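What follows is a short report on a single structure.
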Amino acid sequence: MDYRIKLEIFEGPLDLLLYLIRKNEIDIYDIPISLITEQYISYIDAMKSLNLDLAGEYLVLAATLLHIKSRMLLPVHETEGGEEEDDPRAELVRQLLEYRTFKEAALEMERMKLLDRDFFTRKDTGDDRADAGERPVREIGVFELVEAFQRVIAGMGDMHIMEMERNDMSVSQRISEMLDLLREKKTLTFEELLGMPRERRQLVYTFLALLELMKMRVVRAFQRAPYEAIRVCVAAEVDVGGDAQE
Amino acid sequence: MKDLKIIIESLVYISETPLSVNKLKELLVDVPEKDIREALAGLADEYARRDGGIFLAEVAGGYQFRTAELSAPWILKLRGGKPATLSQAAMETLAVVAYRQPVLKLDIEQVRGVDVSATLRGLLEKNLVRIVGRKDVPGKPILYGTTKKFLEAFNLRDLSELPTLREIKELEEAESLE
Amino acid sequence: MKDLKIIIESLVYISETPLSVNKLKELLVDVPEKDIREALAGLADEYARRDGGIFLAEVAGGYQFRTAELSAPWILKLRGGKPATLSQAAMETLAVVAYRQPVLKLDIEQVRGVDVSATLRGLLEKNLVRIVGRKDVPGKPILYGTTKKFLEAFNLRDLSELPTLREIKELEEAESLE
């Protein structure tokens with residue numbers, strides 16, 4: 001029972017380790033690895049015996065501790081410069097100090113005045129109640145957009161989702177950029193279009209985007225004479241309409 | 001009791017509707033009605049004498065803060081200049097356009113399962129979506145895509161910064177573990 | 001100009017989010033910025049000295065009215081909700097994002113030693129954390145940062161107001177020595 005109560009308050013293996021260090025009144029810079037490893041593992045065993053879900057991270061740290069312990073048992077070699085070898089505990093200590101810093105930062109933040117706990121602000125419930133529930137565009141984060149998309153596809157089969165995943169963002173992006181450029185310059189050569197990307201992957205995207213646009217006949221590629229440059233333009237019959245929205 | 005006045009002022013301020021004396025009595029269990037009325041009258045009087053940007057007014061059976069009349073034109077300006085708002089329907093349509101562009105209206109409707117004419121028009125008006133061309137099939141249906149303003153509104157450098165579904169799924173899957 | 005102070009007070013009162021000096025400049029076309037700042041500072045001072053149920057606070061790049069702390073329990077009773085709280089896991093994750101931003105999920109996990117997918121998602125949903133971009137390394141992983149709402153929620157003018165921690169200083173010093 002004692003274990004259960006304490007285990008619930010740990011936020012992870014580092015938290016447990018910090019607790020053991022504090023409990024044993026140990027200097028964090030000079031951790032007696034054998035003792036701590038032993039205690040750490042007995043806690044893990046207790047967790048297991050209580051059938052608590054044990055996150056893999058706890059086991060990873062146990063392995064790390066055992067590894068450090070075995071390295072500590074090896075005789076210390078002096079390097080050529082006469083300096084001592086790195087303390088096998090150094091990386092763990094660094095990690096613990098870093099975690100402790102943020103754990104304390106979290107406690108500090110917890111003590112700050114918090115909206116909807118310590119103070120409140122009013123909502124504008126003026127005459128324009130029609131807007132209730134809607135938010136200004138400028139304040140919507142990308143995450144909400146993704147959530148909206150997830151909502152939409154939630155009811156669709158896996159096949160459809162796969163299809164959407166394949167609809168590569170970078171190709172869409174190139175399509176959008178290419179159309180912007182073509183509208184501005186009216187016509188570009190094939191080489192000019194392909195020459196823009198800086199890296200190989202981009203070249204592939206550009207090409208795929210161009211194929212897609214040609215397939216949909218949004219753009220046309222033409223050649224005045226054999227061996228002349230292939231020119232690309234927005235398809236003639238397309239009523240671009242974009243200007244009205246810009 | 002000085003705190004009573006403070007608490008009542010906070011409550012009136014935060015309440016979305018005019019706050020009635022009865023409601024205050026219900027909240028402040030042991031406080032006599034007389035004290036509540038006195039505190040409200042005192043606050044109303046204080047704001048009236050101060051003659052600033054807000055007043056405590058007795059309206060519709062309760063108390064509510066009201067802005068000064070002379071501020072009305074500026075308040076209208078503030079509210080009028082509010083950035084465009086997006087409904088959930090608009091958001092979903094926008095999401096489909098963003099991820100599937102260039103896309104036909106028909107495709108969006110297939111995904112969302114509803115008619116999107118109105119929301120699409122709204123998005124075009126807000127300049128978040130634009131016509132990028134026409135598909136060369138019978139009827140030459142219009143293809144839609146997102147605009148530069150879309151990127152601005154969502155604080156994206158380019159479309160490749162939109163998170164992929166896989167990335168969001170990763171955040172979701174672990175949820176069941178905690 | 002006495003009216004200016006009145007108008008600004010009304011506008012701050014009516015605005016749902018902290019009202020910035022820039023927004024006020026935009027609304028009050030011909031008024032010099034200096035006068036706007038003076039009016040705001042004057043109002044904030046007035047409310048502070050009055051020590052009543054509401055205060056004018058400078059947060060998240062703007063000004064906003066907030067309720068007195070001692071009123072919190074009664075407001076919660078009025079609203080019928082529980083106070084907003086963050087779990088320790090969420091708070092630790094938020095702390096790493098706040099101090100290390102822009103930061104990768106992987107970096108947060110390295111610091112905390114656990115998977116943070118679910119807590120990160122919760123913070124995104126609460127609009128305390130947002131996606132700020134992608135890191136320019138293979139795989140283009142998502143970078144996270146805090147939002148304006150975070151500043152508003154923690155009563156901060158800007159990120160520099162986050163408490164400086166002794167340990168953070170120590171870490172930085174140690175790293176610069178390496």
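We label chains A, B, ... in the order they appear in the structure tokens, count residues from 1 in each chain, and number ligands from 1 in the order shown.
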Using only C-alpha atoms, I'd like a table of the residues in chain A that come within 8 Å of chain C; for each, show the closest atom pair and its distance in Å rounded to one decimal, ordered by chain and ascending number, as JSON lines.
```
{"residue": "A:Glu11", "atom": "CA", "partner": "C:Ala89", "partner_atom": "CA", "distance": 6.3}
{"residue": "A:Gly12", "atom": "CA", "partner": "C:Val114", "partner_atom": "CA", "distance": 5.9}
{"residue": "A:Pro13", "atom": "CA", "partner": "C:Gly113", "partner_atom": "CA", "distance": 6.6}
{"residue": "A:Leu14", "atom": "CA", "partner": "C:Gly113", "partner_atom": "CA", "distance": 6.2}
{"residue": "A:Glu57", "atom": "CA", "partner": "C:Val114", "partner_atom": "CA", "distance": 6.2}
{"residue": "A:Gln95", "atom": "CA", "partner": "C:Val111", "partner_atom": "CA", "distance": 6.9}
{"residue": "A:Leu97", "atom": "CA", "partner": "C:Glu167", "partner_atom": "CA", "distance": 7.8}
{"residue": "A:Glu98", "atom": "CA", "partner": "C:Val111", "partner_atom": "CA", "distance": 6.5}
{"residue": "A:Tyr99", "atom": "CA", "partner": "C:Val111", "partner_atom": "CA", "distance": 5.5}
{"residue": "A:Thr101", "atom": "CA", "partner": "C:Glu167", "partner_atom": "CA", "distance": 5.5}
{"residue": "A:Phe102", "atom": "CA", "partner": "C:Ala95", "partner_atom": "CA", "distance": 6.2}
{"residue": "A:Lys103", "atom": "CA", "partner": "C:Glu92", "partner_atom": "CA", "distance": 5.8}
{"residue": "A:Ala105", "atom": "CA", "partner": "C:Ala95", "partner_atom": "CA", "distance": 6.1}
{"residue": "A:Ala106", "atom": "CA", "partner": "C:Glu92", "partner_atom": "CA", "distance": 5.0}
{"residue": "A:Leu107", "atom": "CA", "partner": "C:Met91", "partner_atom": "CA", "distance": 7.8}
{"residue": "A:Glu108", "atom": "CA", "partner": "C:Pro163", "partner_atom": "CA", "distance": 7.6}
{"residue": "A:Met109", "atom": "CA", "partner": "C:Met91", "partner_atom": "CA", "distance": 7.6}
{"residue": "A:Glu110", "atom": "CA", "partner": "C:Met91", "partner_atom": "CA", "distance": 7.4}
{"residue": "A:Met112", "atom": "CA", "partner": "C:Phe154", "partner_atom": "CA", "distance": 6.6}
{"residue": "A:Lys113", "atom": "CA", "partner": "C:Phe154", "partner_atom": "CA", "distance": 6.0}
{"residue": "A:Leu114", "atom": "CA", "partner": "C:Phe154", "partner_atom": "CA", "distance": 5.1}
{"residue": "A:Leu115", "atom": "CA", "partner": "C:Ala153", "partner_atom": "CA", "distance": 4.5}
{"residue": "A:Asp116", "atom": "CA", "partner": "C:Ala84", "partner_atom": "CA", "distance": 5.4}
{"residue": "A:Arg117", "atom": "CA", "partner": "C:Pro83", "partner_atom": "CA", "distance": 4.6}
{"residue": "A:Asp118", "atom": "CA", "partner": "C:Glu69", "partner_atom": "CA", "distance": 5.4}
{"residue": "A:Phe119", "atom": "CA", "partner": "C:Thr67", "partner_atom": "CA", "distance": 5.3}
{"residue": "A:Phe120", "atom": "CA", "partner": "C:Thr67", "partner_atom": "CA", "distance": 5.5}
{"residue": "A:Thr121", "atom": "CA", "partner": "C:Arg66", "partner_atom": "CA", "distance": 5.1}
{"residue": "A:Arg122", "atom": "CA", "partner": "C:Glu16", "partner_atom": "CA", "distance": 6.9}
{"residue": "A:Lys123", "atom": "CA", "partner": "C:Glu16", "partner_atom": "CA", "distance": 5.4}
{"residue": "A:Asp124", "atom": "CA", "partner": "C:Glu16", "partner_atom": "CA", "distance": 5.3}
{"residue": "A:Gly126", "atom": "CA", "partner": "C:Ile14", "partner_atom": "CA", "distance": 8.0}
{"residue": "A:Gly141", "atom": "CA", "partner": "C:Arg130", "partner_atom": "CA", "distance": 6.8}
{"residue": "A:Val142", "atom": "CA", "partner": "C:Ile131", "partner_atom": "CA", "distance": 6.9}
{"residue": "A:Phe143", "atom": "CA", "partner": "C:Leu124", "partner_atom": "CA", "distance": 7.0}
```
Using the selection just defined, write its residues with N, CA and C atoms as a short mmCIF file (atom, residue, chain, number, x, y, z; two decimals), in the first residue's frame.
```
data_model
loop_
_atom_site.label_atom_id
_atom_site.label_comp_id
_atom_site.auth_asym_id
_atom_site.auth_seq_id
_atom_site.Cartn_x
_atom_site.Cartn_y
_atom_site.Cartn_z
N GLU A 11 6.26 11.38 -11.80
CA GLU A 11 5.97 11.81 -13.17
C GLU A 11 6.85 11.09 -14.18
N GLY A 12 7.57 10.09 -13.73
CA GLY A 12 8.43 9.37 -14.65
C GLY A 12 9.65 8.84 -13.92
N PRO A 13 10.52 8.12 -14.62
CA PRO A 13 11.68 7.51 -13.97
C PRO A 13 12.62 8.53 -13.34
N LEU A 14 12.79 9.68 -13.99
CA LEU A 14 13.70 10.69 -13.43
C LEU A 14 13.14 11.24 -12.13
N GLU A 57 9.77 3.46 -20.10
CA GLU A 57 10.83 4.38 -19.72
C GLU A 57 11.46 4.01 -18.37
N GLN A 95 21.27 14.96 -16.74
CA GLN A 95 19.85 14.76 -17.01
C GLN A 95 18.99 15.05 -15.78
N LEU A 97 19.76 16.98 -13.22
CA LEU A 97 19.77 18.40 -12.91
C LEU A 97 18.81 19.16 -13.81
N GLU A 98 18.83 18.77 -15.09
CA GLU A 98 17.97 19.43 -16.05
C GLU A 98 16.50 19.18 -15.71
N TYR A 99 16.21 17.92 -15.41
CA TYR A 99 14.82 17.60 -15.07
C TYR A 99 14.39 18.34 -13.81
N THR A 101 15.42 21.10 -12.70
CA THR A 101 15.20 22.50 -13.03
C THR A 101 13.78 22.74 -13.51
N PHE A 102 13.34 21.89 -14.45
CA PHE A 102 12.02 22.12 -15.02
C PHE A 102 10.90 21.70 -14.08
N LYS A 103 11.21 20.73 -13.25
CA LYS A 103 10.22 20.33 -12.24
C LYS A 103 9.98 21.50 -11.29
N ALA A 105 10.59 24.62 -12.08
CA ALA A 105 9.95 25.67 -12.87
C ALA A 105 8.44 25.45 -12.90
N ALA A 106 8.04 24.20 -13.02
CA ALA A 106 6.62 23.87 -13.05
C ALA A 106 5.96 24.24 -11.73
N LEU A 107 6.65 23.97 -10.63
CA LEU A 107 6.11 24.32 -9.31
C LEU A 107 5.98 25.83 -9.18
N GLU A 108 7.00 26.51 -9.69
CA GLU A 108 7.01 27.98 -9.67
C GLU A 108 5.81 28.53 -10.45
N MET A 109 5.56 27.93 -11.61
CA MET A 109 4.45 28.38 -12.45
C MET A 109 3.11 28.08 -11.78
N GLU A 110 3.07 26.97 -11.09
CA GLU A 110 1.87 26.58 -10.36
C GLU A 110 1.52 27.65 -9.32
N MET A 112 2.09 30.81 -9.65
CA MET A 112 1.74 32.09 -10.26
C MET A 112 0.22 32.24 -10.29
N LYS A 113 -0.22 33.50 -10.45
CA LYS A 113 -1.66 33.72 -10.58
C LYS A 113 -2.12 33.10 -11.89
N LEU A 114 -3.21 32.36 -11.82
CA LEU A 114 -3.65 31.62 -13.00
C LEU A 114 -5.09 32.00 -13.38
N LEU A 115 -5.27 32.23 -14.68
CA LEU A 115 -6.59 32.56 -15.21
C LEU A 115 -7.59 31.44 -14.92
N ASP A 116 -8.79 31.83 -14.55
CA ASP A 116 -9.88 30.90 -14.25
C ASP A 116 -9.61 30.04 -13.01
N ARG A 117 -8.62 30.46 -12.24
CA ARG A 117 -8.41 29.85 -10.94
C ARG A 117 -8.30 30.96 -9.90
N ASP A 118 -7.37 31.89 -10.17
CA ASP A 118 -7.14 33.00 -9.24
C ASP A 118 -7.77 34.30 -9.70
N PHE A 119 -7.89 34.45 -11.00
CA PHE A 119 -8.55 35.66 -11.51
C PHE A 119 -9.33 35.30 -12.76
N PHE A 120 -10.23 36.21 -13.13
CA PHE A 120 -11.12 35.93 -14.25
C PHE A 120 -11.23 37.15 -15.14
N THR A 121 -11.55 36.92 -16.38
CA THR A 121 -11.78 38.05 -17.28
C THR A 121 -13.16 37.85 -17.91
N ARG A 122 -13.74 38.96 -18.33
CA ARG A 122 -15.09 38.82 -18.86
C ARG A 122 -15.07 38.52 -20.35
N LYS A 123 -16.14 37.88 -20.77
CA LYS A 123 -16.31 37.61 -22.20
C LYS A 123 -17.19 38.70 -22.77
N ASP A 124 -16.93 39.07 -23.99
CA ASP A 124 -17.75 40.08 -24.64
C ASP A 124 -19.09 39.46 -25.03
N GLY A 126 -21.75 41.38 -25.71
CA GLY A 126 -22.48 42.57 -26.15
C GLY A 126 -23.59 42.25 -27.14
N GLY A 141 -5.38 28.50 -34.45
CA GLY A 141 -4.08 27.88 -34.66
C GLY A 141 -4.19 26.77 -35.68
N VAL A 142 -3.04 26.38 -36.20
CA VAL A 142 -2.98 25.30 -37.16
C VAL A 142 -3.62 24.03 -36.58
N PHE A 143 -3.40 23.86 -35.29
CA PHE A 143 -3.89 22.64 -34.65
C PHE A 143 -5.39 22.49 -34.81
#
```
I need the chain C residues near chain B as a JSON list (two decimals) with C-alpha atoms, in the first residue's frame; criterion: at most 7 Å, counting only C-alpha atoms.
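Listing of result-v7.json after writing:
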```json
[["chain", "number", "residue", "atom", "x", "y", "z"],
["C", 6, "ILE", "CA", -13.01, 57.45, -20.73],
["C", 7, "ILE", "CA", -13.01, 56.04, -24.25],
["C", 9, "GLU", "CA", -11.48, 52.52, -20.39],
["C", 10, "SER", "CA", -14.67, 51.59, -22.27],
["C", 11, "LEU", "CA", -12.70, 49.93, -25.05],
["C", 27, "LEU", "CA", -8.93, 52.97, -33.47],
["C", 52, "GLY", "CA", -11.62, 47.07, -5.44],
["C", 53, "GLY", "CA", -13.15, 44.13, -7.26],
["C", 54, "ILE", "CA", -11.45, 44.72, -10.62],
["C", 67, "THR", "CA", -10.99, 40.33, -11.02],
["C", 68, "ALA", "CA", -9.56, 40.60, -7.51],
["C", 71, "SER", "CA", -13.29, 37.01, -5.23],
["C", 74, "TRP", "CA", -17.41, 33.27, -5.36],
["C", 75, "ILE", "CA", -16.85, 33.59, -9.09],
["C", 77, "LYS", "CA", -19.56, 29.39, -7.44],
["C", 78, "LEU", "CA", -21.36, 31.74, -9.85],
["C", 117, "SER", "CA", 2.28, 13.04, -26.62],
["C", 118, "ALA", "CA", -0.90, 13.13, -24.59],
["C", 121, "ARG", "CA", -2.03, 17.40, -27.16],
["C", 133, "GLY", "CA", 7.04, 25.84, -37.33],
["C", 134, "ARG", "CA", 9.32, 23.04, -38.35]]
```
Could you check how far CA of Lys126 in chain B sits from CA of Leu213 in chain A, in Å to one decimal? 25.4 Å
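The two identical-sequence chains, chain B and chain C, differ by a C-alpha RMSD of 17.7 Å after optimal least-squares superposition.
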Identify all residues of range 84-136 of chain B in helix (DSSP H, G or I) (DSSP on the backbone) and supply them as a VMD selection string. chain B and resid 88 to 100 105 to 112 117 to 125
What is the distance between CA of Arg71 in chain A and CA of Tyr29 in chain A, in Å to one decimal? 16.9 Å
Expressed in Å to a single decimal, how great is the separation between CA of His67 in chain A and CA of Asp15 in chain A? 19.4 Å
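Taking only range 36-136 of chain B, the residues that DSSP calls strand (DSSP E) from the backbone come to Ile54, Phe55, Leu56, Ala57, Glu58, Val59, Gly62, Tyr63, Gln64, Phe65, Arg66, Thr67, Thr85, Leu86, Val103, Leu104, Val129, Arg130, Ile131, Val132, Gly133 and Arg134 of chain B.
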